[in-house]
Structure formats: C-alpha cells, structure tokens
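**Q** Can you read through this structure? Questions will come right after.
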Amino acid sequence: MDPRMCRQISSSESLPDAENVEVEESNIIMPQESDDNFLLDGSPEPHSVTWLDDDQIDDLDINLDQNNLFFHRVDSADIIYRNKKKKCKMVGKYVMGDVLGEGSYGKVKEMLDSESLCRRAVKILKKRKLRRIPNGEQNVQKEIQLLRILRHKNVIELVDVMYNDEKQKMYLVMEFCVGVLQDMLESSPGKKFPQRQAHDYFTQLLDGLEYLHGQGVVHKDIKPGNLLLTLNQTLKITDFGVAEALDMFSPEDTCYTGQGSPAFQPPEIANGAETFSGTKVDIWSSGVTLYNMTTGRYPFEGDNVFRLLEAIGRAEPAPPPRCLGPALHSLLTHMLSRDPDLRPDVHQIRRHAWIQATPALEAGERLVNPRSRRSDEHHNSTVIPYLVERHYASAQEYFTERDLRHELGDNGSRTMSTAELSDGESTQCKRRWHSSCGRLPSCRLT
Ligand SMILES: Nc1ncnc2c1ncn2[C@@H]1O[C@H](COP(=O)(O)OP(=O)(O)OP(=O)(O)O)[C@@H](O)[C@H]1O
C-alpha cells in the first residue's frame, strides 16, 4: 500500500483540492506538503498528532500492509483549510523541487544547482529499499560505475553522486529531462509518432547505441520508457540498471543474463539461452521500439508475461503494416530477425534507406510535444516556489517578484523558469540568488 493512501482513508469525507491545503487544527490527518508529504496520526488522542515530511516518513520503515497504523477519523467540519507553504530543502548545493516520477528503485525529483543554476533531476535511492529488490544494490553500483565513464549527448549524464549515511540514502544527480518517450506515445493519437518524428528519435537512439557499443557497453533494456527528452528535444538513453560492460579482451560480445522488459526481449532470451550476443539484444529492442513508435503496437502481444515470452520464443513477429512503406517495413523486418546473426549492427542500420532519407511530415500529421507527468506544457521549474518560500521573507528587501520581472522586462504574464532565462537574465538572477543566500541562515542539509 502506498503511504499516500493515508490521505484517502484519513477523513470522513473527500477533501477539496487536498494538494494545496494544510490543516490548521491539529486533530486530523492531512497532507502537509506536495504530493509526497502527509500527516500521520499514530495517536488515539485527537489533539496529539505529528506532522511528518517526506524524509521523516521514509525513515519510519513502517510496513503499512501489517495494519500497524491507526488512523484517527474526524468530522470534516472540524477541518480548517489554509494555503500550504512549500518548505525549501537543500541537499548539498542543490535546491529540491517536486517529484518528476517514480521507478521501482525510488523517486526522481527535480533540483536546481545553486551554483550553476542548472536544472537537474535526482534519483533518490534508499538502501533499505534496494535490499528488498533482487540484485538491487549491485544494479545501482553497476549503473553508477558505467554512467561515471560514459559521455555522449544521447546518453544521460550522471552529474553527481551524494550519500547520506545517517539516512542511508543515495542521490544520483542527472541531467534534467522534460519527458519520457513512453509518456508521449501514450498521449499521442494512435499511441504513435509521425514517421518524421520517429526518424528523429530513432537516429538519436542509433547515435547513442553506436557510442555505447563502441565503448563495449550493452544496455539490454532499450524501450521508450528508458528514452528521455531534454527541452531541446535531445534524446537521452537512461536506466543502465541491467546494462553490462563487455569483456574488453574478448572479441565476442557474449552476455549471460538478460533482465530487461519482457515485451522488448529477443527470442534467444525468451527461450532461455545461456549465452547470447549483447549488442544484438539492443538491436532487437531498438527494433521493437521503432515498431512501437511508428505503429502504436508491439510485434508480440500476450495476456501475461508467460504467454508473451512464449510468443516471442516461438512465433514470427507480427509483420509491420504495409502502410509504413517499403523502406521502414524492410528495416523493421531486418532488425526483428529471429536469428541474431541475421540482425544488422548499428553501422548497417545507419546505411539503410529509411535512415538515409528523412521522411516528410504527411498531410494532417502533427508532431507530438514532449509531455511531463505534471501536464505543464511550459515545463516550468518546480524549484522556484520553494525558493520563493525560502527567501521571500528576508529577501523581500532586496527584490520582489515584481521588481525582478520588471528588471527582466517581463509584463508579468510569464512564469519564471531558469531554463527560459537568457544568459544575461540568468546571471542577474544568480547574482541576486547569491546575495540573498549570503544574508540568510544556511539551509538545512537533508
Ligand atoms: N533525468 C531525468 N529527468 C527528468 N525526469 C526523469 C529523469 N530520470 C527519470 N525521470 C522521471 O522519473 C521516472 C522514474 O525514473 P526511473 O529511471 O527511476 O524509473 P523507470 O525507468 O521509469 O522505472 P524502473 O526503474 O522501474 O525501470 C521516469 O519515468 C521519469 O518520469
């Protein structure tokens, strides 16, 4: 059970706009902060409750499935709502923002580097949680080791790694991206991209894969869910949890384990082969990704994982629809060859006719915009409100939001986002940020 379920079972009636409210009276369980903070009541006394933030909740190590929590129910008439305040938190030099997403290993939050003013994303991993995931700790260590040495514009950059021994947490600071290809596909008509757009993403994926394979690294989990996009539409391959560095002294690219997502696995893995070519696994998964991006479907379907793997292991893939045109049809068929030896490598794919000639945007087709999970089409920074909360009271004497907007020549209709600022504006904000920081007590290190 998700701890956030506490919200739903805490009051006797549904709460108005619970995201943005805070309770004044201390006799009710309510969210105190954004979507990852809430109030937990462990007491039978109506007036003694504890406000907990996200970190404190994390530290509790409560197994909610064991029913060891007591929820104190109160009448909704007893609740007084007022606008919540966002609490600014810092981890090292980074100012924390809101949650961007959550994977099986932990939450990913936005953050801002207070020195460079670069937007970042941080994956927050808890040792306790990692221990519960098969190979969890090894996979993370492997991912860190690999990402530390990889540098390519189409591979996610690991910018920083921080540890908090007391809280047993690890912070993986990465480049900030605005969306996941998977989310964009799910929100687009027919759950697919126009060929023009798929071509752009796929050629970037090839660039990234060519680099990885050249470095002797196989990803083994290529899929739209592991392809992120930056604000300027640069594709980034991410999630190296099951990736593998090949033996540098071996001429082969032999791998022994495949732990990727079932729908993207090749027949040799579905059939339980003990050894297989790592690079050809990436070619197959990239083929399934291209198939999915251009048709909205998968070459193999199954009601459950067992049936799906059985189909992949035994059957021919569903032929790509003829309407895709002969070039894309032949590329997909080639990449999805059941025999790994018949699959092309990245260099051969580059020379293929569909890659060589960029498809035109057909009449009526529209490019799909990157889409964040927050449904904010301008991709504004979620860190700004925390900064305002942290610095407004004391920093007001130096600048007000209106002054700043005035100085930036803004008419007030634009929401500030560091990514939107020009170099000059950014320097101006940076100067102000440092001058106000210097006057304020240092922020708490979480
Ligand atoms: N660098 C990033 N910039 C912006 N958002 C990100 C970034 N990395 C991850 N996210 C967001 O966080 C979510 C979780 O990412 P994460 O890599 O932890 O898990 P996942 O790959 O989605 O799932 P799993 O780890 O279970 O395979 C992503 O789906 C995405 O929405």
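Labels used: A, B, ... for chains in the order of the structure tokens, numbers from 1 for residues in each chain, and numbers from 1 for ligands as shown.
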Name the residues, by chain letter and number, that sit within 8 Å of ligand 1 using only C-alpha atoms and all ligand atoms, and give them as a PyMOL selection string.

**A** chain A and resi 99-110+120-123+156+174-180+225-226+228+230+238-239+241+372-373

**Q** Mind checking DSSP for region 152-230 of chain A and telling me the helix (DSSP H, G or I) residues as number ranges by chain?

**A** A: 181-187, 189-191, 195-214, 224-226

**Q** Restrict the selected residues to C-alpha atoms and save them as a short mmCIF file (atom, residue, chain, number, x, y, z; two decimals), in the first residue's frame.

**A**
data_model
loop_
_atom_site.label_atom_id
_atom_site.label_comp_id
_atom_site.auth_asym_id
_atom_site.auth_seq_id
_atom_site.Cartn_x
_atom_site.Cartn_y
_atom_site.Cartn_z
CA LEU A 181 9.08 8.90 -24.91
CA GLN A 182 6.70 6.34 -23.42
CA ASP A 183 4.53 9.08 -21.87
CA MET A 184 4.50 11.00 -25.16
CA LEU A 185 3.42 7.89 -27.05
CA GLU A 186 0.65 7.19 -24.60
CA SER A 187 -0.74 10.68 -25.04
CA PRO A 189 -3.15 9.87 -31.39
CA GLY A 190 -2.91 6.15 -32.13
CA LYS A 191 -0.15 5.96 -29.48
CA GLN A 195 7.43 8.81 -39.14
CA ARG A 196 9.23 12.16 -39.35
CA GLN A 197 9.37 12.38 -35.56
CA ALA A 198 10.12 8.68 -35.03
CA HIS A 199 13.00 9.06 -37.50
CA ASP A 200 14.46 11.93 -35.48
CA TYR A 201 14.32 9.97 -32.21
CA PHE A 202 15.48 6.72 -33.76
CA THR A 203 18.57 8.28 -35.38
CA GLN A 204 19.48 9.78 -32.00
CA LEU A 205 18.99 6.38 -30.41
CA LEU A 206 21.36 4.94 -33.03
CA ASP A 207 23.95 7.64 -32.20
CA GLY A 208 23.73 6.74 -28.52
CA LEU A 209 23.86 2.98 -29.20
CA GLU A 210 26.79 3.33 -31.57
CA TYR A 211 28.69 5.11 -28.81
CA LEU A 212 27.72 2.55 -26.16
CA HIS A 213 28.60 -0.46 -28.31
CA GLY A 214 31.86 1.26 -29.29
CA PRO A 224 10.51 4.05 -24.99
CA GLY A 225 10.27 4.15 -21.16
CA ASN A 226 14.06 4.43 -20.97
#

**Q** If I take CA of Ser250 (chain A) and CA of Ile149 (chain A), how far is one from the other in Å, to one decimal?

**A**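 Straight-line distance from CA of Ser250 (chain A) to CA of Ile149 (chain A) works out to 19.9 Å.
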
**Q** Excluding same-chain residues fewer than 4 positions from region 313-330 of chain A, what lies within 9 Å of it counting only C-alpha atoms, as a CSV table (one decimal) with C-alpha atoms, in the first residue's frame?

**A**
chain,number,residue,atom,x,y,z
A,195,GLN,CA,7.4,8.8,-39.1
A,266,PRO,CA,14.5,-11.1,-28.2
A,267,PRO,CA,13.7,-14.8,-28.9
A,268,GLU,CA,17.1,-16.0,-27.7
A,269,ILE,CA,16.4,-14.6,-24.2
A,270,ALA,CA,12.7,-15.6,-24.2
A,271,ASN,CA,14.0,-19.2,-24.9
A,272,GLY,CA,16.4,-19.1,-22.0
A,291,TYR,CA,7.9,-0.7,-34.4
A,294,THR,CA,5.6,4.0,-35.7
A,295,THR,CA,2.6,1.6,-35.3
A,298,TYR,CA,4.1,-4.4,-30.5
A,299,PRO,CA,5.4,-7.2,-32.7
A,300,PHE,CA,4.4,-9.7,-30.0
A,308,LEU,CA,4.2,-13.0,-24.2
A,309,LEU,CA,7.6,-14.7,-23.7
A,334,HIS,CA,15.6,-7.0,-40.8
A,335,MET,CA,16.0,-5.7,-37.2
A,336,LEU,CA,13.5,-8.2,-35.9
A,337,SER,CA,15.2,-11.3,-37.4
A,338,ARG,CA,14.7,-14.2,-35.1
A,352,HIS,CA,19.5,1.7,-44.5
A,353,ALA,CA,17.3,3.6,-47.0
A,354,TRP,CA,14.8,4.6,-44.3
A,355,ILE,CA,17.6,6.2,-42.2

**Q** Please identify all polymer residues within 7 Å of Met162 (chain A), counting only C-alpha atoms, omitting same-chain residues fewer than 5 positions from it, and present them as a PyMOL selection string.

**A** chain A and resi 170-172

**Q** Take the residues from that selection and put them in a file with C-alpha atoms, as a PDB file, in the first residue's frame.

**A**
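Listing of out-v2.pdb after writing:
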ATOM      1  CA  MET A 170      21.951   7.863  -2.106  1.00  0.00           C
ATOM      2  CA  TYR A 171      21.356  10.713  -4.523  1.00  0.00           C
ATOM      3  CA  LEU A 172      22.142  10.260  -8.208  1.00  0.00           C
TER       4      LEU A 172
END

**Q** Rank A:Pro370, A:Gly260, A:Gly302, A:Gly216 by their smallest atom-to-atom distance to Met248 (chain A), using only C-alpha atoms, and report the top residue only.

**A**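 Nearest candidate to Met248 (chain A) out of A:Pro370, A:Gly260, A:Gly302, A:Gly216: A:Gly216.
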
**Q** Give the answer as one residue: which of A:Glu377, A:Cys255, A:Ile80, A:Gly92 has the shortest atom-to-atom distance to Leu231 (chain A), using only C-alpha atoms?

**A**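 Answer, going by the shortest atom-to-atom distance: A:Glu377.
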
**Q** Quick one: distance from CA of Gln168 (chain A) to CA of Val242 (chain A) in Å, one decimal?

**A**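 Computed distance, CA of Gln168 (chain A) to CA of Val242 (chain A), equals 22.7 Å.
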
**Q** Given the choices A:Ala357, A:Thr382, A:Lys167, A:Glu115, which gets closest to Arg128 (chain A) if the distance is worked out from only C-alpha atoms?

**A**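 Comparing A:Ala357, A:Thr382, A:Lys167, A:Glu115 against Arg128 (chain A), the winner is A:Lys167.
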
**Q** Would you mind writing down, as a PyMOL selection string, each residue of region 143-206 of chain A that DSSP on the backbone assigns to strand (DSSP E)?

**A** chain A and resi 158-164+169-175+179-180
